[in-house]
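Structure file upload_12.txt (compact mmCIF, C-alpha atoms and all ligand atoms) is printed below.
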# COMPACT_ATOMS: atom_id res chain seq x y z
CA MET A 1 89.70 87.84 100.88
CA ILE A 2 89.45 88.37 97.17
CA ALA A 3 85.78 87.75 96.36
CA PRO A 4 85.12 89.01 92.81
CA GLU A 5 81.89 86.97 92.58
CA ARG A 6 80.37 89.69 94.75
CA ALA A 7 80.91 92.22 91.96
CA THR A 8 79.31 92.43 88.56
CA ARG A 9 81.47 94.57 86.29
CA PRO A 10 84.83 96.30 86.78
CA ASP A 11 83.23 99.71 86.40
CA GLN A 12 80.41 98.97 88.88
CA PHE A 13 81.98 101.51 91.21
CA ALA A 14 81.43 104.48 88.91
CA ARG A 15 79.29 106.97 90.77
CA LYS A 16 75.57 106.75 90.24
CA HIS A 17 75.26 110.53 90.18
CA LYS A 18 77.98 112.93 89.14
CA ALA A 19 79.38 115.45 91.59
CA ALA A 20 78.25 119.01 90.93
CA GLU A 21 80.33 120.74 88.27
CA LEU A 22 82.78 123.13 89.92
CA GLY A 23 83.83 126.50 88.57
CA GLU A 24 87.44 127.71 88.25
CA TYR A 25 86.89 130.14 91.12
CA ASP A 26 84.77 130.03 94.29
CA ASP A 27 84.33 133.24 96.24
CA LYS A 28 83.91 131.30 99.52
CA CYS A 29 87.03 129.16 99.10
CA PRO A 30 90.05 130.09 101.30
CA PHE A 31 92.45 128.50 98.77
CA CYS A 32 91.32 130.44 95.69
CA PRO A 33 93.53 133.36 94.49
CA GLY A 34 92.65 136.70 96.10
CA HIS A 35 91.91 135.00 99.46
CA GLU A 36 95.53 134.61 100.52
CA GLU A 37 94.87 136.50 103.76
CA GLN A 38 92.46 133.72 104.87
CA THR A 39 95.31 131.25 105.33
CA PRO A 40 98.12 131.56 107.91
CA ASP A 41 101.38 133.17 106.68
CA GLU A 42 102.61 131.46 103.55
CA ILE A 43 105.59 129.06 103.80
CA SER A 44 106.41 129.04 100.08
CA ARG A 45 104.98 129.65 96.63
CA LEU A 46 105.90 128.93 93.03
CA PRO A 47 106.58 130.85 90.91
CA THR A 48 107.98 133.26 93.49
CA GLU A 49 107.15 136.27 91.28
CA GLY A 50 103.78 137.10 89.74
CA ASP A 51 100.70 134.87 90.00
CA TRP A 52 101.30 131.74 92.08
CA GLU A 53 100.56 128.27 90.77
CA ILE A 54 101.25 126.35 93.96
CA ARG A 55 101.37 127.56 97.58
CA VAL A 56 102.33 125.95 100.87
CA VAL A 57 100.72 127.29 104.04
CA PRO A 58 100.43 126.08 107.65
CA ASN A 59 97.17 124.27 108.36
CA LYS A 60 94.85 126.77 110.03
CA PHE A 61 93.26 123.98 112.09
CA SER A 62 96.40 121.98 112.88
CA SER A 63 96.21 119.58 115.81
CA LEU A 64 100.01 119.78 116.21
CA SER A 65 102.08 122.86 116.93
CA THR A 66 105.73 123.87 117.08
CA ASP A 67 104.77 125.98 120.12
CA ALA A 68 104.34 122.79 122.17
CA VAL A 69 107.31 121.32 123.98
CA LYS A 70 108.11 117.76 122.91
CA LYS A 71 107.82 115.88 126.15
CA ARG A 72 106.82 112.31 126.82
CA THR A 73 104.78 111.13 129.77
CA ASN A 74 104.72 107.54 130.94
CA ASP A 75 102.37 106.68 133.76
CA GLY A 76 102.25 102.89 133.85
CA ARG A 77 100.36 101.79 130.77
CA GLN A 78 99.25 105.32 129.87
CA HIS A 79 101.85 106.81 127.54
CA GLY A 80 101.58 110.25 126.04
CA ILE A 81 103.51 112.92 124.23
CA ALA A 82 102.86 116.64 123.89
CA GLY A 83 101.37 117.64 120.53
CA TYR A 84 104.55 118.95 118.97
CA GLY A 85 104.68 118.88 115.18
CA HIS A 86 104.21 120.46 111.77
CA HIS A 87 101.06 120.47 109.66
CA GLU A 88 101.23 122.07 106.22
CA VAL A 89 98.79 122.34 103.34
CA VAL A 90 99.95 122.30 99.71
CA ILE A 91 97.48 124.20 97.53
CA GLU A 92 98.09 122.38 94.25
CA SER A 93 96.59 124.86 91.80
CA ASN A 94 95.23 128.39 91.51
CA LYS A 95 92.12 126.88 89.88
CA HIS A 96 89.34 125.68 92.19
CA ASN A 97 88.34 122.84 89.87
CA ARG A 98 91.76 121.66 88.62
CA HIS A 99 91.68 118.02 89.75
CA LEU A 100 95.13 116.37 89.73
CA ALA A 101 93.90 114.26 86.77
CA LEU A 102 93.38 117.48 84.78
CA GLN A 103 96.77 119.02 85.58
CA PRO A 104 99.46 119.03 82.89
CA VAL A 105 102.42 116.75 83.67
CA SER A 106 104.58 119.88 84.14
CA ALA A 107 102.39 120.92 87.11
CA VAL A 108 102.54 117.41 88.63
CA LYS A 109 106.36 117.66 88.48
CA ILE A 110 106.25 120.94 90.43
CA LEU A 111 103.95 119.29 92.99
CA ILE A 112 106.40 116.39 93.51
CA GLN A 113 109.33 118.84 93.77
CA THR A 114 107.34 120.78 96.39
CA PHE A 115 106.70 117.56 98.34
CA LYS A 116 110.44 116.82 98.24
CA ASP A 117 111.40 120.33 99.40
CA ARG A 118 108.91 120.34 102.29
CA PHE A 119 109.81 116.74 103.24
CA HIS A 120 113.42 117.81 103.81
CA ALA A 121 112.43 121.11 105.44
CA VAL A 122 110.20 119.42 108.04
CA TYR A 123 112.78 116.70 108.75
CA ALA A 124 115.36 119.44 109.35
CA ASP A 125 113.55 119.84 112.68
CA ARG A 126 115.27 117.14 114.75
CA ALA A 127 112.25 116.86 117.05
CA ILE A 128 110.30 115.33 114.14
CA GLU A 129 110.46 111.54 113.94
CA HIS A 130 108.25 111.00 110.91
CA VAL A 131 106.79 112.97 107.98
CA THR A 132 103.62 111.78 106.27
CA ILE A 133 102.70 113.27 102.88
CA PHE A 134 99.14 112.58 101.81
CA LYS A 135 96.18 113.74 99.80
CA ASN A 136 92.48 113.34 100.57
CA HIS A 137 90.22 113.81 97.57
CA GLY A 138 86.45 113.69 98.02
CA GLU A 139 84.21 113.37 101.06
CA GLU A 140 84.58 109.59 101.36
CA ALA A 141 88.35 110.19 101.59
CA GLY A 142 87.95 112.61 104.48
CA THR A 143 87.83 116.10 103.00
CA SER A 144 85.06 118.58 102.37
CA LEU A 145 87.36 121.21 100.82
CA GLU A 146 87.04 120.83 97.05
CA HIS A 147 90.01 123.02 96.11
CA PRO A 148 92.84 120.60 95.13
CA HIS A 149 95.30 120.28 98.01
CA SER A 150 97.61 117.84 99.78
CA GLN A 151 98.98 117.81 103.31
CA ILE A 152 102.26 117.21 105.09
CA ILE A 153 102.34 116.24 108.76
CA GLY A 154 105.50 115.91 110.81
CA THR A 155 104.90 113.93 114.02
CA PRO A 156 107.08 113.63 117.13
CA ILE A 157 106.76 109.82 116.97
CA THR A 158 107.00 107.10 114.31
CA PRO A 159 103.42 105.98 113.51
CA ILE A 160 102.52 102.31 114.10
CA GLN A 161 101.73 101.77 110.38
CA ILE A 162 105.30 102.72 109.53
CA ARG A 163 106.77 100.69 112.37
CA ASP A 164 104.84 97.58 111.17
CA ARG A 165 106.23 98.01 107.63
CA LEU A 166 109.76 98.65 108.85
CA ASP A 167 109.57 95.55 111.07
CA ALA A 168 108.28 93.40 108.16
CA GLY A 169 110.99 94.74 105.86
CA ARG A 170 113.70 94.09 108.43
CA GLU A 171 112.49 90.53 109.11
CA TYR A 172 112.36 89.72 105.39
CA PHE A 173 115.81 91.20 104.87
CA ASP A 174 117.28 89.30 107.81
CA ASN A 175 115.79 86.02 106.50
CA THR A 176 116.66 86.42 102.83
CA GLY A 177 119.29 89.12 102.45
CA GLU A 178 117.18 91.19 100.09
CA CYS A 179 114.68 94.03 100.14
CA LEU A 180 111.03 92.88 100.26
CA MET A 181 109.93 95.58 97.81
CA CYS A 182 112.77 94.88 95.35
CA ALA A 183 111.65 91.21 95.42
CA THR A 184 108.00 92.28 94.94
CA LEU A 185 108.99 94.38 91.91
CA ARG A 186 110.68 91.35 90.38
CA ASP A 187 107.59 89.17 91.03
CA GLU A 188 105.17 91.70 89.56
CA LEU A 189 107.28 92.22 86.44
CA SER A 190 107.57 88.48 85.85
CA VAL A 191 103.81 87.78 86.36
CA GLY A 192 102.77 90.92 84.46
CA THR A 193 99.00 90.60 84.97
CA ARG A 194 98.67 93.32 87.62
CA LEU A 195 100.72 96.03 85.90
CA ILE A 196 99.27 99.39 84.90
CA LEU A 197 102.36 101.32 83.77
CA ASP A 198 105.95 100.10 83.44
CA THR A 199 108.73 102.56 82.56
CA GLU A 200 112.47 102.84 83.17
CA HIS A 201 112.36 104.12 86.75
CA PHE A 202 108.87 103.28 88.12
CA LEU A 203 106.23 100.57 88.14
CA THR A 204 102.52 101.23 88.78
CA PHE A 205 100.59 98.10 89.69
CA ILE A 206 97.80 96.63 91.80
CA PRO A 207 99.26 94.49 94.58
CA TYR A 208 98.67 90.73 94.68
CA ALA A 209 96.47 90.98 97.80
CA ALA A 210 95.02 94.49 97.40
CA LEU A 211 92.95 95.27 100.50
CA SER A 212 90.30 97.20 98.58
CA PRO A 213 89.17 97.73 94.96
CA TYR A 214 91.75 99.47 92.75
CA HIS A 215 94.25 99.97 95.60
CA THR A 216 97.37 100.85 93.59
CA TRP A 217 101.09 101.08 94.34
CA ILE A 218 103.78 103.06 92.55
CA PHE A 219 107.26 101.67 93.30
CA PRO A 220 110.57 103.23 92.26
CA LYS A 221 112.62 100.52 90.52
CA ARG A 222 115.90 101.74 92.01
CA HIS A 223 116.30 100.53 95.58
CA SER A 224 115.86 103.65 97.70
CA ALA A 225 114.56 103.88 101.26
CA CYS A 226 113.85 107.59 101.27
CA PHE A 227 111.53 109.61 99.03
CA GLY A 228 113.77 112.64 99.69
CA ASP A 229 116.51 111.02 97.57
CA ILE A 230 114.40 111.11 94.39
CA THR A 231 116.42 112.55 91.47
CA ASN A 232 115.19 115.15 88.96
CA GLU A 233 115.03 112.51 86.25
CA GLU A 234 112.92 110.31 88.55
CA ILE A 235 110.62 113.23 89.43
CA ASP A 236 109.93 113.71 85.70
CA GLU A 237 108.96 110.07 85.33
CA LEU A 238 107.00 109.85 88.59
CA ALA A 239 104.88 112.78 87.38
CA LEU A 240 103.92 110.68 84.33
CA HIS A 241 102.94 107.75 86.56
CA LEU A 242 100.89 109.89 88.95
CA LYS A 243 99.09 111.66 86.12
CA ASN A 244 98.49 108.30 84.42
CA ILE A 245 96.92 106.49 87.38
CA VAL A 246 94.94 109.43 88.75
CA SER A 247 93.48 110.22 85.34
CA LYS A 248 92.63 106.56 84.63
CA LEU A 249 90.72 106.45 87.94
CA PHE A 250 89.06 109.80 87.12
CA VAL A 251 87.88 108.58 83.70
CA GLY A 252 87.29 104.87 84.39
CA LEU A 253 85.61 105.19 87.80
CA ASP A 254 84.04 108.61 87.31
CA ASN A 255 86.08 110.80 89.65
CA PRO A 256 86.16 108.57 92.75
CA ALA A 257 87.20 109.81 96.18
CA PHE A 258 90.74 108.62 96.92
CA ASN A 259 93.65 108.91 99.33
CA LEU A 260 97.25 109.12 98.22
CA LEU A 261 100.13 108.42 100.62
CA ILE A 262 103.89 108.50 100.32
CA ARG A 263 105.47 105.87 102.56
CA SER A 264 109.12 106.55 103.22
CA GLU A 265 111.98 106.12 105.64
CA THR A 266 113.42 109.28 107.17
CA PRO A 267 116.45 110.99 105.52
CA ARG A 268 118.42 109.88 108.60
CA ALA A 269 117.91 106.24 107.53
CA SER A 270 118.13 106.81 103.79
CA ASN A 271 120.75 104.10 103.31
CA SER A 272 118.48 101.38 104.76
CA GLU A 273 118.78 98.13 102.79
CA TYR A 274 115.43 96.78 103.98
CA PHE A 275 112.93 99.61 103.40
CA HIS A 276 111.93 100.93 99.96
CA TRP A 277 109.76 104.02 99.60
CA TYR A 278 106.52 103.89 97.58
CA ILE A 279 103.20 105.57 96.91
CA SER A 280 99.79 104.08 97.74
CA ILE A 281 96.67 105.30 95.99
CA ILE A 282 93.48 104.08 97.63
CA PRO A 283 90.18 104.81 95.88
CA ARG A 284 87.44 104.98 98.52
CA LEU A 285 84.84 102.89 96.74
CA THR A 286 83.82 100.72 99.67
CA LYS A 287 83.81 101.33 103.43
CA PRO A 288 85.59 99.09 105.92
CA ALA A 289 82.78 97.78 108.16
CA GLY A 290 82.35 95.59 111.22
CA PHE A 291 84.14 92.55 109.84
CA GLU A 292 87.18 94.58 108.77
CA LEU A 293 87.29 96.41 112.12
CA GLY A 294 86.74 93.22 114.09
CA SER A 295 89.18 90.98 112.23
CA GLY A 296 91.68 93.20 110.45
CA MET A 297 90.81 91.13 107.35
CA TYR A 298 89.52 92.90 104.26
CA ILE A 299 87.04 91.64 101.68
CA ASN A 300 87.89 92.96 98.21
CA ALA A 301 85.09 92.33 95.70
CA THR A 302 87.37 92.87 92.72
CA SER A 303 90.18 90.75 91.36
CA PRO A 304 93.45 92.71 91.21
CA GLU A 305 94.16 91.20 87.77
CA ASP A 306 90.76 92.27 86.35
CA SER A 307 91.09 95.74 87.90
CA ALA A 308 94.56 96.21 86.39
CA ALA A 309 93.29 95.05 82.96
CA PHE A 310 90.37 97.47 83.23
CA LEU A 311 92.65 100.41 84.11
CA ARG A 312 95.07 99.50 81.31
CA SER A 313 92.13 99.76 78.88
CA ILE A 314 91.19 103.28 80.04
CA LYS A 315 92.59 106.17 78.03
CA GLU A 316 94.04 108.83 80.30
CA THR A 317 93.16 112.52 80.17
CA GLU A 318 95.27 114.93 78.14
ZN ZN B 1 89.19 127.32 95.60
ZN ZN B 2 114.33 97.77 97.54

Before anything else, please render the file you have as structure tokens.
Ligand SMILES: [Zn+2]
Ligand SMILES: [Zn+2]
Amino acid sequence: MIAPERATRPDQFARKHKAAELGEYDDKCPFCPGHEEQTPDEISRLPTEGDWEIRVVPNKFSSLSTDAVKKRTNDGRQHGIAGYGHHEVVIESNKHNRHLALQPVSAVKILIQTFKDRFHAVYADRAIEHVTIFKNHGEEAGTSLEHPHSQIIGTPITPIQIRDRLDAGREYFDNTGECLMCATLRDELSVGTRLILDTEHFLTFIPYAALSPYHTWIFPKRHSACFGDITNEEIDELALHLKNIVSKLFVGLDNPAFNLLIRSETPRASNSEYFHWYISIIPRLTKPAGFELGSGMYINATSPEDSAAFLRSIKETE
């Protein structure tokens, strides 16, 4: 339900009170430089020599483990699987307060390259069925750790959210002979009112029926089922799109909490004609409540067209 009459102005979601200003370094933070021994043994770092700018470490409080044995149980209607899996943390910066919106594009490129490297590395484990790459920023998005970081979880099963999207993509393809997301790209480009950034290889836009205010998608224009197939040229351009949208949200909505997700097929199905990888960015400006939980329907008090126009008008950070 798109109900913009419930809202007053596009920027009504800006925070009433600003978050406390953070310093570059926090002596209690396990992700700040000098505290490397507080995380489990490092998986990778860049640059490999000298001071690091980005580090990947196992999650100290992982709920999945490669020590478990992947084994399913099936007792009538009660299905289970042992908690086998990978859970990694990507520490995005050596600065405690370097929000993604404040990173130079060169650092965002390195972050995307790191996502790609770890995506392939976790999928190299054949016991992993699905890899989810995501970022939680701010308490309303599910994190209390302020130091900029993202996470990568490899699960022994395909999550239901992915299965639903794969099923929808397959049904659309079987009915029409084309990819649902390629068709959506064509629609959005021809309507034009929900676009935020349009370049050679990517499109950033607010979907037609966005579930919540400022919910944004970044689609690669080239049909590609698997994020792991992204080329170097595409990484360069995706970094521009990520920096653009995250900094517009940071400036226009006053540093909102948000989640970022990469939705992708596995490398084993990278030639799929009916799935198309993409990024969702979901500012956490409203909370799903009883109606949403009870019905699965969402009330969005902003119009996607007005939200896109508002974000287009915002000047991004340097
Ligand atoms: Zn820190
Ligand atoms: Zn496609």

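Pocket residues of ligand ZN 2 (chain B), taken as those with any atom at most 10 Å away using all atoms listed in the file, are Gly169, Phe173, Glu178, Cys179, Leu180, Met181, Cys182, Ala183, Thr184, Leu185, Phe219, Pro220, Lys221, Arg222, His223, Ser224, Ala225, Ser272, Glu273, Tyr274, Phe275, His276, Trp277 and Tyr278 of chain A.
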
Identify, counting all atoms listed in the file, the protein, DNA and RNA residues located within 8 Å of ligand ZN 1 (chain B), and give them as an mmCIF file with C-alpha atoms, in the frame of the given file.
data_model
loop_
_atom_site.group_PDB
_atom_site.id
_atom_site.type_symbol
_atom_site.label_atom_id
_atom_site.label_comp_id
_atom_site.auth_asym_id
_atom_site.auth_seq_id
_atom_site.Cartn_x
_atom_site.Cartn_y
_atom_site.Cartn_z
ATOM 1 C CA GLU A 24 87.440 127.710 88.250
ATOM 2 C CA TYR A 25 86.890 130.140 91.120
ATOM 3 C CA ASP A 26 84.770 130.030 94.290
ATOM 4 C CA ASP A 27 84.330 133.240 96.240
ATOM 5 C CA LYS A 28 83.910 131.300 99.520
ATOM 6 C CA CYS A 29 87.030 129.160 99.100
ATOM 7 C CA PRO A 30 90.050 130.090 101.300
ATOM 8 C CA PHE A 31 92.450 128.500 98.770
ATOM 9 C CA CYS A 32 91.320 130.440 95.690
ATOM 10 C CA PRO A 33 93.530 133.360 94.490
ATOM 11 C CA ASN A 94 95.230 128.390 91.510
ATOM 12 C CA LYS A 95 92.120 126.880 89.880
ATOM 13 C CA HIS A 96 89.340 125.680 92.190
ATOM 14 C CA ASN A 97 88.340 122.840 89.870
ATOM 15 C CA GLU A 146 87.040 120.830 97.050
ATOM 16 C CA HIS A 147 90.010 123.020 96.110
ATOM 17 C CA PRO A 148 92.840 120.600 95.130
#

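Reported to one decimal place, the separation of CA of Leu253 (chain A) from CA of Ile218 (chain A) is 18.9 Å.
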
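Between CA of Met1 (chain A) and CA of Ile299 (chain A) there is a distance of 4.7 Å.
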
List as a CSV table (one decimal) with C-alpha atoms, in the coordinates of the input the protein and nucleic acid residues near Pro104 (chain A), meaning an atom at most 12 Å away when all atoms listed in the file are counted, but skip any in the same chain fewer than 2 places from it.
chain,number,residue,atom,x,y,z
A,92,GLU,CA,98.1,122.4,94.2
A,93,SER,CA,96.6,124.9,91.8
A,98,ARG,CA,91.8,121.7,88.6
A,99,HIS,CA,91.7,118.0,89.8
A,100,LEU,CA,95.1,116.4,89.7
A,101,ALA,CA,93.9,114.3,86.8
A,102,LEU,CA,93.4,117.5,84.8
A,106,SER,CA,104.6,119.9,84.1
A,107,ALA,CA,102.4,120.9,87.1
A,108,VAL,CA,102.5,117.4,88.6
A,109,LYS,CA,106.4,117.7,88.5
A,110,ILE,CA,106.2,120.9,90.4
A,111,LEU,CA,104.0,119.3,93.0
A,239,ALA,CA,104.9,112.8,87.4
A,240,LEU,CA,103.9,110.7,84.3
A,242,LEU,CA,100.9,109.9,89.0
A,243,LYS,CA,99.1,111.7,86.1
A,244,ASN,CA,98.5,108.3,84.4
A,247,SER,CA,93.5,110.2,85.3
A,316,GLU,CA,94.0,108.8,80.3
A,317,THR,CA,93.2,112.5,80.2
A,318,GLU,CA,95.3,114.9,78.1

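One distance worth recording is that between CA of Met297 (chain A) and CA of Ala210 (chain A), which is 11.3 Å.
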
Who sits within 10 Å of Arg55 (chain A), all atoms listed in the file, same chain under 4 positions skipped, as a VMD selection string: chain A and resid 31 36 42 to 48 89 to 94 111 114 149

Pick out the closest residue to Thr286 (chain A) from this set: A:Lys315, A:Gln113, A:Ser270, A:Tyr214. Count all atoms listed in the file. A:Tyr214

In terms of all atoms listed in the file, the residue from A:Lys135, A:Phe13, A:Ala269, A:Ser280 at minimal distance from Leu249 (chain A) is A:Phe13

From the options A:Leu211, A:Asp167, A:Gly294, A:Phe119, which residue's atoms come nearest to Asp229 (chain A), counting all atoms listed in the file? A:Phe119

Can you tell me, as JSON, numbers by chain, what residues are no more than 10 Å from Ala308 (chain A) when counting only C-alpha atoms, ignoring any on the same chain fewer than 3 positions away? {"A": [10, 192, 193, 194, 195, 196, 197, 204, 205, 206, 207, 214, 215, 216, 303, 304, 305, 311, 312, 313]}

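When only C-alpha atoms are used to measure the gap to Thr132 (chain A), the shortest distance among A:Thr176, A:Ser264, A:Ser190, A:Thr231 belongs to A:Ser264.
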
Hey, what's within 8 Å of Val131 (chain A) if we count all atoms listed in the file and toss same-chain stuff fewer than 4 positions away? As JSON, numbers by chain, please? {"A": [119, 122, 123, 152, 153, 154, 155, 266]}

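All residues of protein, DNA or RNA that reach within 12 Å of Gly138 (chain A), judged by only C-alpha atoms and not counting those fewer than 2 positions away in the chain, are Ala19, His99, Lys135, Asn136, Glu140, Ala141, Gly142, Thr143, Ser144, Leu145, Glu146, His147, Pro148, His149, Phe250, Asn255, Pro256, Ala257, Phe258, Asn259, Leu260, Ile282, Pro283, Arg284 and Leu285 of chain A.
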
Only C-alpha atoms, please: the residues just picked out, written as a compact mmCIF listing (two decimals), in the coordinates of the input.
# COMPACT_ATOMS: atom_id res chain seq x y z
CA ALA A 19 79.38 115.45 91.59
CA HIS A 99 91.68 118.02 89.75
CA LYS A 135 96.18 113.74 99.80
CA ASN A 136 92.48 113.34 100.57
CA GLU A 140 84.58 109.59 101.36
CA ALA A 141 88.35 110.19 101.59
CA GLY A 142 87.95 112.61 104.48
CA THR A 143 87.83 116.10 103.00
CA SER A 144 85.06 118.58 102.37
CA LEU A 145 87.36 121.21 100.82
CA GLU A 146 87.04 120.83 97.05
CA HIS A 147 90.01 123.02 96.11
CA PRO A 148 92.84 120.60 95.13
CA HIS A 149 95.30 120.28 98.01
CA PHE A 250 89.06 109.80 87.12
CA ASN A 255 86.08 110.80 89.65
CA PRO A 256 86.16 108.57 92.75
CA ALA A 257 87.20 109.81 96.18
CA PHE A 258 90.74 108.62 96.92
CA ASN A 259 93.65 108.91 99.33
CA LEU A 260 97.25 109.12 98.22
CA ILE A 282 93.48 104.08 97.63
CA PRO A 283 90.18 104.81 95.88
CA ARG A 284 87.44 104.98 98.52
CA LEU A 285 84.84 102.89 96.74

Measuring atom to atom with only C-alpha atoms, identify which of A:Asp254, A:Glu234, A:Glu49, A:Asp75 is nearest to Thr199 (chain A). A:Glu234
